[in-house]
Amino acid sequence: MNARFLCTFLFVFFLLSSSPAVVGISYAEKADAYSVTGLPLPRFVSLSRDETNVRTGPGQKYPVKWVIQKADLPVEIVLEYGNWRKIKDHEEQEGWVYHTLLSGKRTALIMGVVAVNAYTKPIKNNDSKSIVSLQLEPLSLVEIDRCEDRWCEIKAGGFSGWIERNLLWGVYEHENID
(Lines give C-alpha, C1' and ligand atoms only; values in the text may rest on other atoms or scores of the structure.)
Protein backbone atom coordinates (compact mmCIF):
# COMPACT_ATOMS: atom_id res chain seq x y z
CA MET A 1 0.00 0.00 0.00
CA ASN A 2 1.25 3.43 -0.95
CA ALA A 3 2.31 5.54 2.06
CA ARG A 4 0.64 8.66 0.65
CA PHE A 5 -2.65 6.78 0.15
CA LEU A 6 -2.44 5.46 3.71
CA CYS A 7 -1.85 8.95 5.12
CA THR A 8 -4.74 10.37 3.08
CA PHE A 9 -7.02 7.52 4.19
CA LEU A 10 -6.12 8.02 7.85
CA PHE A 11 -6.65 11.79 7.60
CA VAL A 12 -10.09 11.38 5.99
CA PHE A 13 -11.03 8.69 8.52
CA PHE A 14 -9.96 10.94 11.42
CA LEU A 15 -11.82 13.90 9.94
CA LEU A 16 -15.04 11.94 9.48
CA SER A 17 -14.89 10.13 12.81
CA SER A 18 -14.42 13.37 14.75
CA SER A 19 -17.14 15.24 12.88
CA PRO A 20 -20.24 16.14 14.93
CA ALA A 21 -22.25 14.74 12.06
CA VAL A 22 -20.83 11.28 12.76
CA VAL A 23 -20.00 11.25 16.47
CA GLY A 24 -22.82 11.23 19.00
CA ILE A 25 -25.69 10.80 16.56
CA SER A 26 -28.82 9.72 18.41
CA TYR A 27 -31.30 7.18 17.11
CA ALA A 28 -33.74 10.00 16.48
CA GLU A 29 -31.21 11.73 14.23
CA LYS A 30 -30.52 8.47 12.33
CA ALA A 31 -34.24 7.78 11.95
CA ASP A 32 -34.68 9.16 8.43
CA ALA A 33 -32.21 6.65 7.05
CA TYR A 34 -33.72 3.66 8.87
CA SER A 35 -37.48 4.36 8.94
CA VAL A 36 -39.56 2.10 6.70
CA THR A 37 -43.05 2.94 7.97
CA GLY A 38 -42.69 6.71 8.07
CA LEU A 39 -43.73 6.63 11.74
CA PRO A 40 -41.56 8.62 14.15
CA LEU A 41 -38.43 7.06 15.57
CA PRO A 42 -37.87 6.41 18.34
CA ARG A 43 -41.38 5.50 19.56
CA PHE A 44 -42.88 3.35 22.29
CA VAL A 45 -44.99 0.26 21.60
CA SER A 46 -45.67 -2.93 23.54
CA LEU A 47 -45.14 -6.63 22.94
CA SER A 48 -48.17 -8.45 21.55
CA ARG A 49 -47.29 -12.01 22.63
CA ASP A 50 -46.34 -13.89 25.77
CA GLU A 51 -43.17 -15.16 24.07
CA THR A 52 -41.05 -12.88 21.90
CA ASN A 53 -37.71 -13.85 20.39
CA VAL A 54 -35.28 -10.95 20.36
CA ARG A 55 -32.59 -11.51 17.73
CA THR A 56 -29.10 -10.15 17.11
CA GLY A 57 -30.07 -8.88 13.65
CA PRO A 58 -33.07 -8.17 11.40
CA GLY A 59 -33.95 -11.65 10.15
CA GLN A 60 -34.65 -15.24 11.18
CA LYS A 61 -31.12 -16.22 10.15
CA TYR A 62 -29.80 -14.23 13.12
CA PRO A 63 -29.56 -16.04 16.46
CA VAL A 64 -31.97 -15.39 19.30
CA LYS A 65 -30.31 -13.10 21.83
CA TRP A 66 -32.97 -13.58 24.51
CA VAL A 67 -36.66 -14.39 24.88
CA ILE A 68 -39.13 -12.03 26.55
CA GLN A 69 -41.94 -14.02 28.16
CA LYS A 70 -44.50 -11.33 28.97
CA ALA A 71 -47.09 -9.74 26.69
CA ASP A 72 -47.78 -5.99 26.93
CA LEU A 73 -44.28 -5.04 28.12
CA PRO A 74 -43.31 -1.62 26.76
CA VAL A 75 -40.37 -1.41 24.36
CA GLU A 76 -38.93 1.43 22.36
CA ILE A 77 -38.51 1.05 18.60
CA VAL A 78 -35.24 2.73 17.69
CA LEU A 79 -34.70 1.52 14.09
CA GLU A 80 -36.64 -0.18 11.29
CA TYR A 81 -35.40 -2.51 8.56
CA GLY A 82 -38.02 -4.06 6.30
CA ASN A 83 -40.47 -5.89 8.58
CA TRP A 84 -38.01 -5.93 11.47
CA ARG A 85 -37.82 -3.45 14.33
CA LYS A 86 -34.82 -2.82 16.55
CA ILE A 87 -36.12 -2.42 20.08
CA LYS A 88 -34.70 -1.26 23.38
CA ASP A 89 -36.09 -2.33 26.75
CA HIS A 90 -36.12 -0.50 30.07
CA GLU A 91 -32.67 -1.93 30.89
CA GLU A 92 -31.20 -0.48 27.65
CA GLN A 93 -30.83 -3.93 26.07
CA GLU A 94 -31.31 -3.90 22.30
CA GLY A 95 -32.28 -6.47 19.71
CA TRP A 96 -34.48 -7.11 16.68
CA VAL A 97 -38.08 -8.41 16.60
CA TYR A 98 -40.50 -9.09 13.77
CA HIS A 99 -43.10 -6.32 13.43
CA THR A 100 -46.13 -8.57 14.09
CA LEU A 101 -44.81 -9.24 17.60
CA LEU A 102 -45.42 -5.57 18.49
CA SER A 103 -48.62 -3.71 19.32
CA GLY A 104 -49.61 -0.05 19.39
CA LYS A 105 -51.09 -0.57 22.86
CA ARG A 106 -49.42 1.88 25.25
CA THR A 107 -48.10 0.47 28.47
CA ALA A 108 -45.41 1.52 30.93
CA LEU A 109 -43.33 0.22 33.81
CA ILE A 110 -43.17 1.92 37.18
CA MET A 111 -39.58 3.07 37.70
CA GLY A 112 -37.67 3.62 40.90
CA VAL A 113 -36.83 1.56 43.94
CA VAL A 114 -39.82 2.26 46.19
CA ALA A 115 -43.58 1.98 45.75
CA VAL A 116 -45.30 5.01 44.21
CA ASN A 117 -48.80 6.40 44.58
CA ALA A 118 -51.38 6.96 41.87
CA TYR A 119 -54.05 9.57 42.64
CA THR A 120 -57.72 10.06 41.81
CA LYS A 121 -56.79 13.16 39.79
CA PRO A 122 -53.60 14.99 38.84
CA ILE A 123 -52.19 17.13 41.63
CA LYS A 124 -51.81 20.70 40.42
CA ASN A 125 -50.53 23.73 42.31
CA ASN A 126 -50.07 21.76 45.55
CA ASP A 127 -53.80 20.95 45.60
CA SER A 128 -54.29 18.33 48.31
CA LYS A 129 -57.84 17.33 47.27
CA SER A 130 -56.62 14.32 45.31
CA ILE A 131 -56.45 11.08 47.27
CA VAL A 132 -54.35 7.97 46.70
CA SER A 133 -56.23 5.49 44.51
CA LEU A 134 -53.56 2.78 44.38
CA GLN A 135 -49.96 2.08 45.25
CA LEU A 136 -47.63 0.50 42.69
CA GLU A 137 -44.40 -1.41 43.24
CA PRO A 138 -41.32 -0.82 41.07
CA LEU A 139 -41.52 -2.55 37.66
CA SER A 140 -45.32 -2.91 37.90
CA LEU A 141 -46.84 -3.01 34.44
CA VAL A 142 -49.56 -0.42 33.80
CA GLU A 143 -51.69 0.50 30.81
CA ILE A 144 -51.60 4.15 29.78
CA ASP A 145 -55.01 5.71 29.06
CA ARG A 146 -53.83 9.26 28.45
CA CYS A 147 -51.08 11.73 29.32
CA GLU A 148 -51.26 15.49 29.61
CA ASP A 149 -48.81 17.94 31.10
CA ARG A 150 -46.73 16.04 33.65
CA TRP A 151 -49.40 13.43 34.53
CA CYS A 152 -50.60 10.16 32.99
CA GLU A 153 -53.81 8.31 33.70
CA ILE A 154 -53.06 4.60 34.10
CA LYS A 155 -54.84 1.31 34.78
CA ALA A 156 -53.50 -1.64 36.72
CA GLY A 157 -55.25 -4.64 38.20
CA GLY A 158 -58.71 -3.22 37.60
CA PHE A 159 -57.88 0.09 39.27
CA SER A 160 -57.05 3.43 37.72
CA GLY A 161 -55.30 6.60 38.80
CA TRP A 162 -53.02 9.45 37.81
CA ILE A 163 -49.26 9.23 38.18
CA GLU A 164 -46.44 11.62 37.36
CA ARG A 165 -44.99 10.68 33.97
CA ASN A 166 -41.39 10.87 35.20
CA LEU A 167 -42.15 7.71 37.24
CA LEU A 168 -43.02 5.76 34.06
CA TRP A 169 -40.84 4.05 31.48
CA GLY A 170 -42.86 3.91 28.28
CA VAL A 171 -43.85 7.53 27.63
CA TYR A 172 -41.76 10.51 26.55
CA GLU A 173 -41.40 13.68 28.62
CA HIS A 174 -43.50 15.93 26.36
CA GLU A 175 -45.70 13.33 24.68
CA ASN A 176 -49.45 13.76 24.86
CA ILE A 177 -51.52 10.58 24.64
CA ASP A 178 -55.26 10.73 24.10
# chains A, B, ... in the order shown; residues from 1 in each chain; ligands from 1
$ residues_around --residues "Gln60 (chain A)" --least-positions-apart "3" --cutoff "10 Å" --atoms "only C-alpha atoms" --output "PyMOL selection string"
chain A and resi 53+55-57+63-64+84+96-98
$ write_last_selection --atoms "N, CA and C atoms" --output "mmCIF file, in the first residue's frame"
data_model
loop_
_atom_site.group_PDB
_atom_site.id
_atom_site.type_symbol
_atom_site.label_atom_id
_atom_site.label_comp_id
_atom_site.auth_asym_id
_atom_site.auth_seq_id
_atom_site.Cartn_x
_atom_site.Cartn_y
_atom_site.Cartn_z
ATOM 1 N N ASN A 53 -39.135 -13.659 20.642
ATOM 2 C CA ASN A 53 -37.709 -13.847 20.395
ATOM 3 C C ASN A 53 -37.085 -12.515 20.000
ATOM 4 N N ARG A 55 -33.722 -10.996 18.493
ATOM 5 C CA ARG A 55 -32.592 -11.505 17.729
ATOM 6 C C ARG A 55 -31.444 -10.500 17.641
ATOM 7 N N THR A 56 -30.287 -10.997 17.238
ATOM 8 C CA THR A 56 -29.097 -10.153 17.112
ATOM 9 C C THR A 56 -29.132 -9.291 15.856
ATOM 10 N N GLY A 57 -29.964 -9.634 14.894
ATOM 11 C CA GLY A 57 -30.068 -8.875 13.650
ATOM 12 C C GLY A 57 -31.457 -8.976 13.070
ATOM 13 N N PRO A 63 -29.231 -15.285 15.244
ATOM 14 C CA PRO A 63 -29.556 -16.042 16.456
ATOM 15 C C PRO A 63 -30.420 -15.246 17.438
ATOM 16 N N VAL A 64 -31.156 -15.991 18.238
ATOM 17 C CA VAL A 64 -31.973 -15.389 19.298
ATOM 18 C C VAL A 64 -31.041 -14.947 20.417
ATOM 19 N N TRP A 84 -38.668 -5.735 10.182
ATOM 20 C CA TRP A 84 -38.010 -5.927 11.472
ATOM 21 C C TRP A 84 -37.842 -4.598 12.185
ATOM 22 N N TRP A 96 -33.539 -7.221 17.798
ATOM 23 C CA TRP A 96 -34.480 -7.109 16.679
ATOM 24 C C TRP A 96 -35.653 -8.070 16.854
ATOM 25 N N VAL A 97 -36.870 -7.578 16.565
ATOM 26 C CA VAL A 97 -38.076 -8.411 16.596
ATOM 27 C C VAL A 97 -38.877 -8.183 15.319
ATOM 28 N N TYR A 98 -39.641 -9.187 14.935
ATOM 29 C CA TYR A 98 -40.504 -9.085 13.768
ATOM 30 C C TYR A 98 -41.692 -8.185 14.104
#
$ closest_residue --among "A:Val78, A:Leu141, A:Met111, A:Ala118" --to "Gly161 (chain A)" --atoms "only C-alpha atoms"
A:Ala118
$ atom_distance --atom1 "CA of Lys61 (chain A)" --atom2 "CA of Asn83 (chain A)"
14.0 Å
$ residues_around --residues "region 162-176 of chain A" --least-positions-apart "6" --cutoff "10 Å" --atoms "only C-alpha atoms" --output "PyMOL selection string"
chain A and resi 42-46+73-76+89-90+106-112+116-123+130+132-134+136+138-155
$ write_last_selection --atoms "N, CA and C atoms" --output "CSV table (one decimal), in the first residue's frame"
chain,number,residue,atom,x,y,z
A,42,PRO,N,-37.4,7.6,17.7
A,42,PRO,CA,-37.9,6.4,18.3
A,42,PRO,C,-39.3,6.6,18.7
A,43,ARG,N,-40.0,5.5,19.1
A,43,ARG,CA,-41.4,5.5,19.6
A,43,ARG,C,-41.6,4.3,20.5
A,44,PHE,N,-42.5,4.4,21.4
A,44,PHE,CA,-42.9,3.4,22.3
A,44,PHE,C,-44.0,2.5,21.7
A,45,VAL,N,-43.9,1.2,21.9
A,45,VAL,CA,-45.0,0.3,21.6
A,45,VAL,C,-45.0,-0.8,22.7
A,46,SER,N,-45.7,-1.8,22.6
A,46,SER,CA,-45.7,-2.9,23.5
A,46,SER,C,-45.6,-4.3,22.8
A,73,LEU,N,-45.4,-5.8,27.6
A,73,LEU,CA,-44.3,-5.0,28.1
A,73,LEU,C,-44.0,-3.9,27.1
A,74,PRO,N,-43.7,-2.7,27.7
A,74,PRO,CA,-43.3,-1.6,26.8
A,74,PRO,C,-41.9,-1.8,26.2
A,75,VAL,N,-41.7,-1.5,25.0
A,75,VAL,CA,-40.4,-1.4,24.4
A,75,VAL,C,-40.3,-0.2,23.5
A,76,GLU,N,-39.1,0.3,23.2
A,76,GLU,CA,-38.9,1.4,22.4
A,76,GLU,C,-38.4,1.0,21.0
A,89,ASP,N,-35.2,-2.2,25.6
A,89,ASP,CA,-36.1,-2.3,26.7
A,89,ASP,C,-35.7,-1.4,27.8
A,90,HIS,N,-36.4,-1.4,29.0
A,90,HIS,CA,-36.1,-0.5,30.1
A,90,HIS,C,-34.7,-0.6,30.7
A,106,ARG,N,-50.4,1.1,24.4
A,106,ARG,CA,-49.4,1.9,25.2
A,106,ARG,C,-49.4,1.4,26.7
A,107,THR,N,-48.3,0.9,27.1
A,107,THR,CA,-48.1,0.5,28.5
A,107,THR,C,-46.8,1.1,29.0
A,108,ALA,N,-46.6,1.0,30.3
A,108,ALA,CA,-45.4,1.5,30.9
A,108,ALA,C,-45.0,0.7,32.1
A,109,LEU,N,-43.8,0.8,32.6
A,109,LEU,CA,-43.3,0.2,33.8
A,109,LEU,C,-43.1,1.3,34.8
A,110,ILE,N,-43.4,1.0,36.1
A,110,ILE,CA,-43.2,1.9,37.2
A,110,ILE,C,-41.7,1.9,37.5
A,111,MET,N,-41.0,3.0,37.5
A,111,MET,CA,-39.6,3.1,37.7
A,111,MET,C,-39.3,3.5,39.1
A,112,GLY,N,-38.1,3.2,39.5
A,112,GLY,CA,-37.7,3.6,40.9
A,112,GLY,C,-37.4,2.4,41.7
A,116,VAL,N,-44.8,3.7,44.5
A,116,VAL,CA,-45.3,5.0,44.2
A,116,VAL,C,-46.8,5.0,44.3
A,117,ASN,N,-47.4,6.2,44.5
A,117,ASN,CA,-48.8,6.4,44.6
A,117,ASN,C,-49.4,6.9,43.3
A,118,ALA,N,-50.6,6.4,43.0
A,118,ALA,CA,-51.4,7.0,41.9
A,118,ALA,C,-52.6,7.6,42.6
A,119,TYR,N,-53.0,8.7,42.0
A,119,TYR,CA,-54.0,9.6,42.6
A,119,TYR,C,-55.3,9.6,41.8
A,120,THR,N,-56.4,10.0,42.5
A,120,THR,CA,-57.7,10.1,41.8
A,120,THR,C,-57.8,11.1,40.7
A,121,LYS,N,-56.9,12.1,40.8
A,121,LYS,CA,-56.8,13.2,39.8
A,121,LYS,C,-55.4,13.7,39.9
A,122,PRO,N,-54.9,14.4,38.8
A,122,PRO,CA,-53.6,15.0,38.8
A,122,PRO,C,-53.5,16.0,39.9
A,123,ILE,N,-52.4,16.1,40.6
A,123,ILE,CA,-52.2,17.1,41.6
A,123,ILE,C,-51.6,18.4,41.0
A,130,SER,N,-56.7,15.6,46.0
A,130,SER,CA,-56.6,14.3,45.3
A,130,SER,C,-56.2,13.3,46.4
A,132,VAL,N,-55.0,9.1,47.3
A,132,VAL,CA,-54.3,8.0,46.7
A,132,VAL,C,-55.4,6.9,46.3
A,133,SER,N,-55.3,6.5,45.0
A,133,SER,CA,-56.2,5.5,44.5
A,133,SER,C,-55.6,4.1,44.5
A,134,LEU,N,-54.3,4.0,44.3
A,134,LEU,CA,-53.6,2.8,44.4
A,134,LEU,C,-52.1,3.0,44.6
A,136,LEU,N,-48.2,1.4,43.7
A,136,LEU,CA,-47.6,0.5,42.7
A,136,LEU,C,-46.2,0.2,43.0
A,138,PRO,N,-42.2,-1.0,42.2
A,138,PRO,CA,-41.3,-0.8,41.1
A,138,PRO,C,-41.5,-2.0,40.1
A,139,LEU,N,-41.4,-1.6,38.8
A,139,LEU,CA,-41.5,-2.5,37.7
A,139,LEU,C,-42.9,-3.1,37.5
A,140,SER,N,-43.9,-2.5,38.2
A,140,SER,CA,-45.3,-2.9,37.9
A,140,SER,C,-45.7,-2.5,36.5
A,141,LEU,N,-46.4,-3.3,35.8
A,141,LEU,CA,-46.8,-3.0,34.4
A,141,LEU,C,-48.2,-2.3,34.5
A,142,VAL,N,-48.3,-1.2,33.8
A,142,VAL,CA,-49.6,-0.4,33.8
A,142,VAL,C,-49.9,-0.1,32.4
A,143,GLU,N,-51.2,0.1,32.1
A,143,GLU,CA,-51.7,0.5,30.8
A,143,GLU,C,-51.9,2.0,30.9
A,144,ILE,N,-51.5,2.7,29.8
A,144,ILE,CA,-51.6,4.2,29.8
A,144,ILE,C,-52.9,4.5,29.0
A,145,ASP,N,-53.8,5.2,29.7
A,145,ASP,CA,-55.0,5.7,29.1
A,145,ASP,C,-54.8,7.0,28.3
A,146,ARG,N,-54.1,8.0,29.0
A,146,ARG,CA,-53.8,9.3,28.5
A,146,ARG,C,-52.8,10.0,29.3
A,147,CYS,N,-52.1,10.9,28.7
A,147,CYS,CA,-51.1,11.7,29.3
A,147,CYS,C,-51.3,13.2,28.9
A,148,GLU,N,-51.2,14.1,29.9
A,148,GLU,CA,-51.3,15.5,29.6
A,148,GLU,C,-50.4,16.2,30.7
A,149,ASP,N,-49.7,17.2,30.2
A,149,ASP,CA,-48.8,17.9,31.1
A,149,ASP,C,-47.8,16.9,31.7
A,150,ARG,N,-47.7,17.0,33.0
A,150,ARG,CA,-46.7,16.0,33.7
A,150,ARG,C,-47.4,14.8,34.3
A,151,TRP,N,-48.7,14.5,33.9
A,151,TRP,CA,-49.4,13.4,34.5
A,151,TRP,C,-49.9,12.5,33.5
A,152,CYS,N,-50.0,11.2,33.8
A,152,CYS,CA,-50.6,10.2,33.0
A,152,CYS,C,-51.7,9.4,33.8
A,153,GLU,N,-52.8,9.1,33.1
A,153,GLU,CA,-53.8,8.3,33.7
A,153,GLU,C,-53.5,6.9,33.3
A,154,ILE,N,-53.5,6.0,34.3
A,154,ILE,CA,-53.1,4.6,34.1
A,154,ILE,C,-54.1,3.6,34.7
A,155,LYS,N,-54.0,2.4,34.2
A,155,LYS,CA,-54.8,1.3,34.8
A,155,LYS,C,-53.9,0.2,35.2
$ closest_residue --among "A:Gly157, A:Gly59, A:Pro40, A:Gly104" --to "Leu79 (chain A)" --atoms "only C-alpha atoms"
A:Pro40
$ select_by_dssp --residues "region 80-176 of chain A" --states "strand (DSSP E or B)" --output "NGL selection string"
:A and (80-81 or 84-88 or 94-98 or 102-103 or 107-110 or 116-119 or 132-136 or 141-148 or 151-156 or 159-164 or 168-169)
$ write_last_selection --atoms "N, CA and C atoms" --output "short mmCIF file (atom, residue, chain, number, x, y, z; two decimals), in the first residue's frame"
data_model
loop_
_atom_site.label_atom_id
_atom_site.label_comp_id
_atom_site.auth_asym_id
_atom_site.auth_seq_id
_atom_site.Cartn_x
_atom_site.Cartn_y
_atom_site.Cartn_z
N GLU A 80 -35.81 0.71 12.10
CA GLU A 80 -36.64 -0.18 11.29
C GLU A 80 -35.81 -0.68 10.12
N TYR A 81 -36.03 -1.94 9.75
CA TYR A 81 -35.40 -2.51 8.56
C TYR A 81 -36.37 -3.52 7.98
N TRP A 84 -38.67 -5.74 10.18
CA TRP A 84 -38.01 -5.93 11.47
C TRP A 84 -37.84 -4.60 12.18
N ARG A 85 -37.96 -4.64 13.51
CA ARG A 85 -37.82 -3.45 14.33
C ARG A 85 -36.75 -3.69 15.39
N LYS A 86 -35.82 -2.74 15.48
CA LYS A 86 -34.82 -2.82 16.55
C LYS A 86 -35.44 -2.16 17.77
N ILE A 87 -35.48 -2.91 18.86
CA ILE A 87 -36.12 -2.42 20.08
C ILE A 87 -35.10 -2.25 21.19
N LYS A 88 -35.49 -1.44 22.16
CA LYS A 88 -34.70 -1.26 23.38
C LYS A 88 -35.66 -1.43 24.54
N GLU A 94 -30.79 -4.08 23.64
CA GLU A 94 -31.31 -3.90 22.30
C GLU A 94 -31.28 -5.20 21.52
N GLY A 95 -32.22 -5.33 20.60
CA GLY A 95 -32.28 -6.47 19.71
C GLY A 95 -33.38 -6.26 18.69
N TRP A 96 -33.54 -7.22 17.80
CA TRP A 96 -34.48 -7.11 16.68
C TRP A 96 -35.65 -8.07 16.85
N VAL A 97 -36.87 -7.58 16.57
CA VAL A 97 -38.08 -8.41 16.60
C VAL A 97 -38.88 -8.18 15.32
N TYR A 98 -39.64 -9.19 14.93
CA TYR A 98 -40.50 -9.09 13.77
C TYR A 98 -41.69 -8.19 14.10
N LEU A 102 -45.27 -6.85 17.79
CA LEU A 102 -45.42 -5.57 18.49
C LEU A 102 -46.85 -5.06 18.33
N SER A 103 -47.27 -4.27 19.30
CA SER A 103 -48.62 -3.71 19.32
C SER A 103 -48.55 -2.21 19.59
N THR A 107 -48.29 0.93 27.10
CA THR A 107 -48.10 0.47 28.47
C THR A 107 -46.84 1.12 29.02
N ALA A 108 -46.61 0.96 30.31
CA ALA A 108 -45.41 1.52 30.93
C ALA A 108 -45.04 0.68 32.14
N LEU A 109 -43.81 0.84 32.57
CA LEU A 109 -43.33 0.22 33.81
C LEU A 109 -43.09 1.31 34.83
N ILE A 110 -43.43 1.00 36.08
CA ILE A 110 -43.17 1.92 37.18
C ILE A 110 -41.67 1.86 37.48
N VAL A 116 -44.83 3.67 44.52
CA VAL A 116 -45.30 5.01 44.21
C VAL A 116 -46.82 5.04 44.26
N ASN A 117 -47.35 6.23 44.50
CA ASN A 117 -48.80 6.40 44.58
C ASN A 117 -49.37 6.89 43.26
N ALA A 118 -50.57 6.40 42.95
CA ALA A 118 -51.38 6.96 41.87
C ALA A 118 -52.57 7.63 42.56
N TYR A 119 -53.03 8.73 42.00
CA TYR A 119 -54.05 9.57 42.64
C TYR A 119 -55.34 9.59 41.83
N VAL A 132 -55.05 9.12 47.27
CA VAL A 132 -54.35 7.97 46.70
C VAL A 132 -55.37 6.93 46.27
N SER A 133 -55.30 6.51 44.99
CA SER A 133 -56.23 5.49 44.51
C SER A 133 -55.59 4.11 44.47
N LEU A 134 -54.27 4.05 44.30
CA LEU A 134 -53.56 2.78 44.38
C LEU A 134 -52.08 3.03 44.58
N GLN A 135 -51.39 2.00 45.05
CA GLN A 135 -49.96 2.08 45.25
C GLN A 135 -49.33 1.02 44.37
N LEU A 136 -48.25 1.39 43.67
CA LEU A 136 -47.63 0.50 42.69
C LEU A 136 -46.16 0.24 43.04
N LEU A 141 -46.40 -3.31 35.80
CA LEU A 141 -46.84 -3.01 34.44
C LEU A 141 -48.20 -2.32 34.49
N VAL A 142 -48.30 -1.17 33.82
CA VAL A 142 -49.56 -0.42 33.80
C VAL A 142 -49.93 -0.11 32.35
N GLU A 143 -51.21 0.08 32.11
CA GLU A 143 -51.69 0.50 30.81
C GLU A 143 -51.90 2.01 30.86
N ILE A 144 -51.46 2.70 29.82
CA ILE A 144 -51.60 4.15 29.78
C ILE A 144 -52.88 4.50 29.04
N ASP A 145 -53.78 5.23 29.70
CA ASP A 145 -55.01 5.71 29.06
C ASP A 145 -54.77 7.04 28.34
N ARG A 146 -54.12 7.96 29.04
CA ARG A 146 -53.83 9.26 28.45
C ARG A 146 -52.76 9.96 29.28
N CYS A 147 -52.08 10.91 28.65
CA CYS A 147 -51.08 11.73 29.32
C CYS A 147 -51.28 13.17 28.90
N GLU A 148 -51.20 14.06 29.87
CA GLU A 148 -51.26 15.49 29.61
C GLU A 148 -50.42 16.19 30.66
N TRP A 151 -48.66 14.54 33.93
CA TRP A 151 -49.40 13.43 34.53
C TRP A 151 -49.91 12.47 33.47
N CYS A 152 -50.01 11.18 33.85
CA CYS A 152 -50.60 10.16 32.99
C CYS A 152 -51.66 9.40 33.77
N GLU A 153 -52.77 9.14 33.10
CA GLU A 153 -53.81 8.31 33.70
C GLU A 153 -53.52 6.86 33.32
N ILE A 154 -53.46 5.99 34.32
CA ILE A 154 -53.06 4.60 34.10
C ILE A 154 -54.10 3.65 34.68
N LYS A 155 -54.03 2.40 34.23
CA LYS A 155 -54.84 1.31 34.78
C LYS A 155 -53.92 0.17 35.16
N ALA A 156 -54.25 -0.47 36.27
CA ALA A 156 -53.50 -1.64 36.72
C ALA A 156 -54.38 -2.47 37.63
N PHE A 159 -57.82 -1.23 38.65
CA PHE A 159 -57.88 0.09 39.27
C PHE A 159 -57.29 1.12 38.32
N SER A 160 -57.64 2.38 38.54
CA SER A 160 -57.05 3.43 37.72
C SER A 160 -56.62 4.59 38.61
N GLY A 161 -55.78 5.44 38.06
CA GLY A 161 -55.30 6.60 38.80
C GLY A 161 -54.37 7.43 37.93
N TRP A 162 -53.94 8.53 38.48
CA TRP A 162 -53.02 9.45 37.81
C TRP A 162 -51.66 9.37 38.49
N ILE A 163 -50.62 9.33 37.67
CA ILE A 163 -49.26 9.23 38.18
C ILE A 163 -48.37 10.19 37.40
N GLU A 164 -47.36 10.72 38.05
CA GLU A 164 -46.44 11.62 37.36
C GLU A 164 -45.67 10.84 36.30
N LEU A 168 -42.66 6.80 35.03
CA LEU A 168 -43.02 5.76 34.06
C LEU A 168 -41.93 5.59 33.01
N TRP A 169 -41.66 4.32 32.66
CA TRP A 169 -40.84 4.05 31.48
C TRP A 169 -41.78 3.52 30.42
#
$ atom_distance --atom1 "CA of Glu51 (chain A)" --atom2 "CA of Gly158 (chain A)"
23.8 Å
$ atom_distance --atom1 "CA of Arg49 (chain A)" --atom2 "CA of Lys65 (chain A)"
17.0 Å
$ select_by_dssp --residues "region 23-133 of chain A" --states "helix (DSSP H, G or I)" --output "count of residues only"
11
